[in-house]
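Q: Hey, dropping data.txt in here, compact mmCIF, C-alpha atoms and all ligand atoms:
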# COMPACT_ATOMS: atom_id res chain seq x y z
CA MET A 1 -1.83 28.07 -11.62
CA MET A 2 -2.30 24.36 -12.40
CA THR A 3 -4.94 23.56 -15.05
CA LEU A 4 -6.20 20.07 -15.85
CA THR A 5 -7.98 18.92 -18.97
CA HIS A 6 -11.32 17.17 -18.54
CA GLY A 7 -9.57 13.86 -19.35
CA GLN A 8 -6.77 14.38 -16.80
CA PHE A 9 -9.16 15.32 -14.00
CA ASN A 10 -11.46 12.38 -14.75
CA LEU A 11 -8.61 9.89 -15.00
CA VAL A 12 -7.56 10.62 -11.40
CA TYR A 13 -11.21 10.94 -10.26
CA ASN A 14 -12.04 7.48 -11.67
CA ALA A 15 -8.82 5.91 -10.40
CA LEU A 16 -9.49 7.13 -6.84
CA SER A 17 -13.12 6.04 -7.04
CA PHE A 18 -12.06 2.59 -8.31
CA VAL A 19 -9.61 2.12 -5.42
CA PHE A 20 -12.27 3.18 -2.91
CA ALA A 21 -14.64 0.55 -4.39
CA ALA A 22 -11.87 -2.10 -4.33
CA MET A 23 -11.12 -1.40 -0.65
CA LEU A 24 -14.83 -1.56 0.28
CA ALA A 25 -15.41 -4.75 -1.68
CA SER A 26 -12.36 -6.49 -0.25
CA PHE A 27 -13.33 -5.36 3.27
CA VAL A 28 -16.75 -7.04 2.87
CA TYR A 29 -15.16 -10.11 1.24
CA PHE A 30 -12.66 -10.55 4.09
CA LEU A 31 -15.50 -10.24 6.62
CA LEU A 32 -17.53 -12.86 4.75
CA MET A 33 -14.55 -15.25 4.75
CA ARG A 34 -14.41 -15.29 8.55
CA ASN A 35 -16.47 -18.45 9.01
CA GLN A 36 -14.26 -20.40 6.59
CA ILE A 37 -11.05 -19.64 8.49
CA THR A 38 -10.11 -21.49 11.68
CA ARG A 39 -9.47 -19.53 14.89
CA LYS A 40 -5.69 -19.99 14.69
CA ASN A 41 -5.62 -18.18 11.33
CA GLN A 42 -7.92 -15.36 12.27
CA THR A 43 -5.25 -12.93 13.50
CA ALA A 44 -3.89 -12.68 9.96
CA LEU A 45 -7.44 -12.26 8.62
CA ASN A 46 -8.06 -9.46 11.15
CA LEU A 47 -4.90 -7.69 9.95
CA THR A 48 -5.84 -7.80 6.26
CA THR A 49 -9.42 -6.68 7.08
CA LEU A 50 -8.06 -3.71 9.08
CA VAL A 51 -5.65 -2.73 6.29
CA VAL A 52 -8.40 -2.41 3.65
CA LEU A 53 -10.69 -0.64 6.12
CA ILE A 54 -8.02 1.97 6.95
CA ALA A 55 -7.17 2.39 3.26
CA GLY A 56 -10.87 2.65 2.31
CA TYR A 57 -11.32 5.48 4.80
CA HIS A 58 -8.23 7.30 3.46
CA TYR A 59 -9.31 6.86 -0.18
CA PHE A 60 -12.69 8.37 0.71
CA ARG A 61 -10.84 11.40 2.12
CA ILE A 62 -8.37 11.59 -0.81
CA PHE A 63 -11.28 11.38 -3.30
CA ASN A 64 -13.08 14.25 -1.54
CA SER A 65 -9.89 16.29 -1.33
CA TRP A 66 -9.34 15.83 -5.09
CA ASN A 67 -12.87 17.07 -5.82
CA GLU A 68 -12.43 20.08 -3.54
CA SER A 69 -9.09 21.08 -5.07
CA PHE A 70 -10.33 21.76 -8.61
CA HIS A 71 -13.39 23.30 -10.15
CA TYR A 72 -14.71 23.17 -13.66
CA VAL A 73 -14.65 26.31 -15.80
CA ASN A 74 -17.46 26.14 -18.34
CA SER A 75 -16.01 28.69 -20.76
CA THR A 76 -12.68 26.83 -21.21
CA GLY A 77 -13.78 23.26 -20.51
CA MET A 78 -10.80 22.92 -18.13
CA TYR A 79 -10.43 22.24 -14.41
CA VAL A 80 -8.60 24.94 -12.44
CA MET A 81 -7.33 24.90 -8.87
CA SER A 82 -10.02 26.02 -6.43
CA GLY A 83 -7.56 27.34 -3.83
CA THR A 84 -8.08 24.44 -1.43
CA PRO A 85 -4.82 22.45 -1.71
CA PHE A 86 -4.95 18.73 -2.57
CA ASN A 87 -3.99 16.86 0.60
CA GLU A 88 -1.21 14.31 -0.12
CA GLY A 89 -0.77 13.90 3.63
CA TYR A 90 -3.54 11.28 3.76
CA ARG A 91 -1.30 8.88 1.84
CA TYR A 92 1.55 9.14 4.35
CA VAL A 93 -0.79 8.68 7.34
CA ASP A 94 -2.30 5.69 5.54
CA TRP A 95 1.15 4.13 4.88
CA LEU A 96 2.30 4.74 8.46
CA LEU A 97 -0.59 2.58 9.62
CA THR A 98 -0.96 0.03 6.81
CA VAL A 99 2.65 -0.76 5.85
CA PRO A 100 3.64 -2.27 9.25
CA LEU A 101 0.25 -4.07 9.33
CA LEU A 102 0.81 -5.56 5.85
CA LEU A 103 4.23 -6.85 6.86
CA ALA A 104 2.84 -8.23 10.14
CA GLU A 105 0.11 -9.92 8.07
CA LEU A 106 2.69 -11.68 5.89
CA ILE A 107 4.55 -13.03 8.93
CA THR A 108 1.41 -13.85 10.97
CA VAL A 109 -0.20 -15.87 8.19
CA LEU A 110 2.79 -18.23 8.20
CA ARG A 111 2.40 -18.99 11.92
CA LEU A 112 6.13 -19.50 12.47
CA LYS A 113 7.58 -20.21 15.93
CA ALA A 114 6.53 -17.40 18.31
CA ALA A 115 10.07 -16.06 18.91
CA VAL A 116 10.96 -16.04 15.18
CA SER A 117 7.66 -14.35 14.32
CA ARG A 118 8.10 -11.69 16.99
CA SER A 119 11.64 -10.86 15.93
CA LEU A 120 10.69 -10.59 12.21
CA ILE A 121 7.62 -8.44 12.95
CA ILE A 122 9.62 -6.05 15.17
CA LYS A 123 12.42 -5.65 12.59
CA LEU A 124 9.97 -5.16 9.71
CA SER A 125 7.62 -2.76 11.46
CA VAL A 126 10.38 -0.57 12.91
CA ALA A 127 12.27 -0.41 9.59
CA SER A 128 9.13 0.27 7.51
CA THR A 129 7.92 3.00 9.91
CA VAL A 130 11.34 4.72 9.72
CA MET A 131 11.23 4.35 5.91
CA ILE A 132 7.88 6.18 5.69
CA GLY A 133 8.87 8.73 8.39
CA LEU A 134 12.02 9.70 6.47
CA GLY A 135 10.09 10.00 3.19
CA CYS A 136 7.63 12.48 4.73
CA PRO A 137 9.87 15.60 5.03
CA GLY A 138 11.21 14.85 1.54
CA GLU A 139 7.68 14.78 0.11
CA LEU A 140 7.09 18.25 1.62
CA ALA A 141 10.35 19.64 0.15
CA ALA A 142 10.40 21.29 -3.29
CA SER A 143 10.39 18.93 -6.30
CA HIS A 144 13.99 19.52 -7.41
CA SER A 145 15.56 20.22 -4.01
CA THR A 146 18.56 18.41 -2.56
CA ALA A 147 16.51 17.84 0.61
CA ARG A 148 14.00 15.73 -1.32
CA LEU A 149 16.84 13.64 -2.75
CA VAL A 150 18.61 13.19 0.60
CA TRP A 151 15.43 12.17 2.51
CA GLY A 152 14.55 9.85 -0.37
CA VAL A 153 17.97 8.14 -0.27
CA LEU A 154 17.83 7.76 3.55
CA SER A 155 14.34 6.25 3.26
CA THR A 156 15.55 3.86 0.53
CA VAL A 157 18.22 2.47 2.89
CA PHE A 158 15.41 1.23 5.17
CA PHE A 159 13.41 0.00 2.15
CA ILE A 160 16.40 -2.15 1.14
CA TYR A 161 16.67 -3.45 4.72
CA VAL A 162 12.95 -4.48 4.64
CA LEU A 163 13.58 -6.35 1.36
CA TYR A 164 16.66 -7.99 2.89
CA VAL A 165 14.60 -9.28 5.85
CA LEU A 166 11.86 -10.55 3.50
CA PHE A 167 14.08 -12.22 0.93
CA VAL A 168 16.99 -13.44 3.07
CA GLU A 169 15.98 -13.73 6.73
CA LEU A 170 12.42 -14.94 6.11
CA THR A 171 13.62 -17.58 3.63
CA LYS A 172 15.63 -19.24 6.42
CA SER A 173 12.40 -19.65 8.45
CA LEU A 174 10.36 -21.15 5.60
CA GLY A 175 12.00 -24.58 5.66
CA ASP A 176 9.18 -26.33 7.51
CA GLN A 177 6.33 -24.84 5.44
CA PRO A 178 4.64 -27.11 2.83
CA ALA A 179 5.73 -26.50 -0.82
CA ARG A 180 2.35 -24.94 -1.77
CA ILE A 181 2.64 -22.38 1.03
CA ARG A 182 6.27 -21.62 0.11
CA ASN A 183 5.12 -20.83 -3.45
CA LEU A 184 2.34 -18.54 -2.22
CA VAL A 185 4.74 -16.73 0.14
CA SER A 186 7.12 -16.33 -2.74
CA GLY A 187 4.22 -14.81 -4.77
CA MET A 188 3.40 -12.41 -1.93
CA ARG A 189 7.01 -11.29 -1.67
CA TRP A 190 7.10 -10.56 -5.42
CA VAL A 191 3.87 -8.59 -5.12
CA ILE A 192 5.63 -6.56 -2.40
CA LEU A 193 8.83 -6.10 -4.40
CA ILE A 194 7.10 -5.06 -7.65
CA THR A 195 4.27 -2.94 -6.23
CA TRP A 196 6.34 -1.23 -3.53
CA MET A 197 8.86 -0.05 -6.16
CA VAL A 198 6.09 2.17 -7.56
CA TYR A 199 6.17 4.37 -4.42
CA PRO A 200 9.81 5.56 -4.57
CA VAL A 201 9.53 5.91 -8.36
CA ALA A 202 6.39 8.09 -7.95
CA TYR A 203 8.24 10.10 -5.27
CA MET A 204 11.10 10.86 -7.67
CA LEU A 205 8.79 11.48 -10.65
CA PRO A 206 8.74 15.31 -10.46
CA ARG A 207 12.49 15.19 -11.15
CA PHE A 208 11.93 13.45 -14.49
CA ILE A 209 8.59 14.91 -15.65
CA SER A 210 8.97 18.67 -15.85
CA ASN A 211 5.26 19.31 -16.53
CA GLU A 212 3.80 19.66 -13.04
CA THR A 213 0.25 18.65 -14.08
CA THR A 214 1.37 15.50 -15.91
CA ALA A 215 3.55 14.55 -12.90
CA LEU A 216 0.58 14.97 -10.54
CA VAL A 217 -1.78 12.88 -12.70
CA VAL A 218 0.77 10.09 -13.30
CA ARG A 219 1.66 10.00 -9.59
CA GLN A 220 -1.97 9.71 -8.44
CA VAL A 221 -2.79 6.99 -10.98
CA GLY A 222 0.47 5.15 -10.16
CA TYR A 223 -0.23 5.19 -6.41
CA SER A 224 -3.82 4.06 -7.04
CA ILE A 225 -2.78 1.01 -9.08
CA ALA A 226 -0.02 0.13 -6.58
CA ASP A 227 -2.46 0.42 -3.65
CA VAL A 228 -4.95 -2.04 -5.19
CA LEU A 229 -2.15 -4.55 -5.76
CA ALA A 230 -0.43 -3.99 -2.40
CA LYS A 231 -3.58 -4.24 -0.26
CA PRO A 232 -6.59 -6.17 -1.70
CA LEU A 233 -4.55 -8.42 -4.04
CA PHE A 234 -1.93 -9.07 -1.36
CA GLY A 235 -4.81 -9.79 1.08
CA LEU A 236 -6.25 -12.35 -1.36
CA PHE A 237 -2.91 -14.21 -1.41
CA ALA A 238 -2.94 -14.17 2.40
CA VAL A 239 -6.55 -15.48 2.52
CA LEU A 240 -5.54 -18.34 0.18
CA ILE A 241 -2.81 -19.34 2.63
CA MET A 242 -5.29 -19.10 5.53
CA LEU A 243 -7.77 -21.30 3.64
CA ILE A 244 -5.15 -23.95 2.88
CA LYS A 245 -4.00 -23.98 6.51
CA SER A 246 -7.61 -24.07 7.78
CA ARG A 247 -8.50 -27.03 5.51
CA GLU A 248 -5.40 -28.91 6.69
CA GLU A 249 -6.29 -28.28 10.34
CA GLU A 250 -9.90 -29.35 9.83
CA ALA A 251 -8.74 -32.55 8.11
CA LEU A 252 -6.64 -33.53 11.15
C1 LIG B 301 9.12 6.78 0.03
C2 LIG B 301 10.16 7.91 0.00
C3 LIG B 301 11.18 7.71 -1.05
C4 LIG B 301 11.97 6.44 -0.85
C5 LIG B 301 11.10 5.28 -0.52
C6 LIG B 301 9.78 5.41 -0.16
C7 LIG B 301 9.02 4.17 0.00
C8 LIG B 301 7.71 4.00 0.14
C9 LIG B 301 7.03 2.73 0.18
C10 LIG B 301 5.72 2.78 0.48
C11 LIG B 301 4.85 1.67 0.51
C12 LIG B 301 3.57 1.86 0.71
C13 LIG B 301 2.57 0.85 0.70
C14 LIG B 301 1.32 1.27 0.88
C15 LIG B 301 0.18 0.46 0.75
O1 LIG B 301 -0.20 -0.35 1.42
C16 LIG B 301 8.50 6.89 1.42
C17 LIG B 301 8.10 7.09 -1.04
C18 LIG B 301 11.77 3.92 -0.61
C19 LIG B 301 7.73 1.48 -0.12
C20 LIG B 301 2.87 -0.55 0.47
What would the structure in this file look like if it were written as structure tokens?

A:
Amino acid sequence: MMTLTHGQFNLVYNALSFVFAAMLASFVYFLLMRNQITRKNQTALNLTTLVVLIAGYHYFRIFNSWNESFHYVNSTGMYVMSGTPFNEGYRYVDWLLTVPLLLAELITVLRLKAAVSRSLIIKLSVASTVMIGLGCPGELAASHSTARLVWGVLSTVFFIYVLYVLFVELTKSLGDQPARIRNLVSGMRWVILITWMVYPVAYMLPRFISNETTALVVRQVGYSIADVLAKPLFGLFAVLIMLIKSREEEAL
């Protein structure tokens, strides 16, 4: 039976609540930015707005699921499992939807030639969907099982392919972008590289942290931090690019 201290329960509770607030706030912010972005740049803005909306909905559900999974025992001052299991599935459903959208957002905001854009978006969305799909059965397998390791390794192959497309193939298409945009794209790619590494590390965590409760708390807080960086922060980078492009178009 898993037992959480008051501090452990509240740490996850507050982290999930913070991410929910960040998704809501960025959703409203992206909506408010609409009239400052020219029509040509609005597809990318739509994508980033959708991503934070989808994530906001899932965080609302994850937050509720967390609250339903534990109840407070007055006599011990601890939180014990209520019997309703915590639903990690929301995260995978969220990633299945938001990861291809985030990658499409990165490519769309650049407004490359139509054929180049299409080819990059197809490669990135197929590879990222397979990456998440392969991670799913591994997440359901027991913490120390070989199955978890094998699914994780298979998923990582597609993760590496996504990084290859972003850092090698995309670079070839950036030649005609102004230097300022190239720097921002470079920033966005580093946000992807650094924040996306948190997910496989969190997946493998139960192998390294033997205390189940600590592993759960660290994983939830890790995912929460990564999600704020990978969605709202990444979206802010994208909006900056849209603003620069919109100003340039208006000046013409
Ligand atoms: C899994 C399984 C283990 C191996 C790898 C994984 C990668 C997950 C990633 C998820 C990214 C999610 C994002 C969500 C927020 O928007 C599936 C954990 C490599 C990279 C960016």

Q: Quick one: residues within 7 Å of ligand LIG 301 (chain B), with only C-alpha atoms and all ligand atoms, as a list in words?

A: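 Based on only C-alpha atoms and all ligand atoms, ligand LIG 301 (chain B) is surrounded within 7 Å by Trp95, Thr98, Val99, Leu102, Met131, Ile132, Leu134, Gly135, Cys136, Gly152, Val153, Ser155, Thr156, Phe159, Trp196, Met197, Tyr199, Pro200, Tyr203, Asp227, Ala230 and Lys231 of chain A.
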
Q: Could you state the separation of CA of Tyr79 (chain A) and CA of Ala202 (chain A) in Å, given to one decimal place?

A: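 About the pair CA of Tyr79 (chain A) and CA of Ala202 (chain A): they are 22.9 Å apart.
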
Q: Within 12 Å of (4.4, -21.4, -2.8), in the coordinates the file gives, what residues turn up when you count all atoms listed in the file, written out as an MDAnalysis selection string?

A: chainID A and resid 110 171 174:175 177:190 237:238 240:241 244

Q: Find the distance between CA of Leu4 (chain A) and CA of Thr213 (chain A) and write it in Å to one decimal.

A: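 One can read the CA of Leu4 (chain A) to CA of Thr213 (chain A) distance as 6.8 Å.
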
Q: When you draw a straight line from CA of Ser128 (chain A) to CA of Leu96 (chain A), how long is it in Å?

A: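 A separation of 8.2 Å between them.
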
Q: Would you kindly return, as a ChimeraX atom specification, each protein, DNA or RNA residue with an atom no farther than 9 Å from any atom of region 9-24 of chain A, considering only C-alpha atoms and excluding same-chain residues fewer than 3 positions away?

A: /A:4-6,27-29,51-60,62-63,66-67,70,78-79,217-218,220-221,224-225,227-228,231-232

Q: For Ser246 (chain A), which residue among A:Leu45, A:Met2, A:Ala104, A:Leu31 is the nearest when counting only C-alpha atoms?

A: A:Leu45

Q: Excluding Val109 (chain A) and its own-chain neighbours fewer than 5 positions away, which residues fall within 7 Å of it when counting only C-alpha atoms? Please give them as a PyMOL selection string.

A: chain A and resi 41+44+238+242

Q: Using all atoms of region 205-211 of chain A listed in the file and a margin of 3 Å per side, can you give the axis-aligned box centre and edge lengths in Å to one decimal, as JSON?

A:
{"center_x": 8.9, "center_y": 15.4, "center_z": -13.5, "size_x": 13.2, "size_y": 13.8, "size_z": 12.1}

Q: Anything within 12 Å of (10.8, -2.9, 11.1): list those residues as a PDB file with C-alpha atoms, keeping the file's coordinate frame, counting only C-alpha atoms and sticking to the file's coordinates.

A:
ATOM      1  CA  LEU A  96       2.300   4.740   8.460  1.00  0.00           C
ATOM      2  CA  VAL A  99       2.650  -0.760   5.850  1.00  0.00           C
ATOM      3  CA  PRO A 100       3.640  -2.270   9.250  1.00  0.00           C
ATOM      4  CA  LEU A 101       0.250  -4.070   9.330  1.00  0.00           C
ATOM      5  CA  LEU A 102       0.810  -5.560   5.850  1.00  0.00           C
ATOM      6  CA  LEU A 103       4.230  -6.850   6.860  1.00  0.00           C
ATOM      7  CA  ALA A 104       2.840  -8.230  10.140  1.00  0.00           C
ATOM      8  CA  ARG A 118       8.100 -11.690  16.990  1.00  0.00           C
ATOM      9  CA  SER A 119      11.640 -10.860  15.930  1.00  0.00           C
ATOM     10  CA  LEU A 120      10.690 -10.590  12.210  1.00  0.00           C
ATOM     11  CA  ILE A 121       7.620  -8.440  12.950  1.00  0.00           C
ATOM     12  CA  ILE A 122       9.620  -6.050  15.170  1.00  0.00           C
ATOM     13  CA  LYS A 123      12.420  -5.650  12.590  1.00  0.00           C
ATOM     14  CA  LEU A 124       9.970  -5.160   9.710  1.00  0.00           C
ATOM     15  CA  SER A 125       7.620  -2.760  11.460  1.00  0.00           C
ATOM     16  CA  VAL A 126      10.380  -0.570  12.910  1.00  0.00           C
ATOM     17  CA  ALA A 127      12.270  -0.410   9.590  1.00  0.00           C
ATOM     18  CA  SER A 128       9.130   0.270   7.510  1.00  0.00           C
ATOM     19  CA  THR A 129       7.920   3.000   9.910  1.00  0.00           C
ATOM     20  CA  VAL A 130      11.340   4.720   9.720  1.00  0.00           C
ATOM     21  CA  MET A 131      11.230   4.350   5.910  1.00  0.00           C
ATOM     22  CA  ILE A 132       7.880   6.180   5.690  1.00  0.00           C
ATOM     23  CA  PHE A 158      15.410   1.230   5.170  1.00  0.00           C
ATOM     24  CA  PHE A 159      13.410   0.000   2.150  1.00  0.00           C
ATOM     25  CA  ILE A 160      16.400  -2.150   1.140  1.00  0.00           C
ATOM     26  CA  TYR A 161      16.670  -3.450   4.720  1.00  0.00           C
ATOM     27  CA  VAL A 162      12.950  -4.480   4.640  1.00  0.00           C
ATOM     28  CA  LEU A 163      13.580  -6.350   1.360  1.00  0.00           C
ATOM     29  CA  TYR A 164      16.660  -7.990   2.890  1.00  0.00           C
ATOM     30  CA  VAL A 165      14.600  -9.280   5.850  1.00  0.00           C
ATOM     31  CA  LEU A 166      11.860 -10.550   3.500  1.00  0.00           C
TER      32      LEU A 166
END

Q: Taking only C-alpha atoms into account, which of A:Ser117, A:Ser26, A:Asn64, A:Thr214 comes nearest Leu233 (chain A)?

A: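 Of A:Ser117, A:Ser26, A:Asn64, A:Thr214, the one nearest Leu233 (chain A) is A:Ser26, counting only C-alpha atoms.
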
Q: Could you give me, as a list in words, the residues within 7 Å of region 142-150 of chain A, counting all atoms listed in the file and dropping anything in the same chain fewer than 3 positions from it?

A: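 In the requested format, the answer is Gly138, Glu139, Val153, Leu154, Pro206 and Arg207 of chain A.
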
Q: What lies within 9 Å of Arg247 (chain A) using only C-alpha atoms, ignoring chain neighbours under 3 positions off, as a VMD selection string?

A: chain A and resid 36 to 38 242 to 244 250 to 252

Q: Those residues with C-alpha atoms, as a compact mmCIF listing (two decimals), in the frame of the given file please?

A:
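Okay, this is what ended up in part06.txt:
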# COMPACT_ATOMS: atom_id res chain seq x y z
CA GLN A 36 -14.26 -20.40 6.59
CA ILE A 37 -11.05 -19.64 8.49
CA THR A 38 -10.11 -21.49 11.68
CA MET A 242 -5.29 -19.10 5.53
CA LEU A 243 -7.77 -21.30 3.64
CA ILE A 244 -5.15 -23.95 2.88
CA GLU A 250 -9.90 -29.35 9.83
CA ALA A 251 -8.74 -32.55 8.11
CA LEU A 252 -6.64 -33.53 11.15

Q: Which is closest to Thr49 (chain A) among A:His71, A:Arg61, A:Arg34, A:Lys172, if we use all atoms listed in the file?

A: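 Selected residue with least distance to Thr49 (chain A): A:Arg34.
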
Q: Which is closer to Val116 (chain A) than all the others in A:Phe86, A:Glu169, A:Ser65, A:Val157, using all atoms listed in the file?

A: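 Checking each of A:Phe86, A:Glu169, A:Ser65, A:Val157 against Val116 (chain A), counting all atoms listed in the file, the winner is A:Glu169.
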
Q: Looking at only C-alpha atoms, which of A:Leu170, A:Ala215, A:Gly77, A:Val239 is the one that sits closest to Gly7 (chain A)?

A: A:Gly77
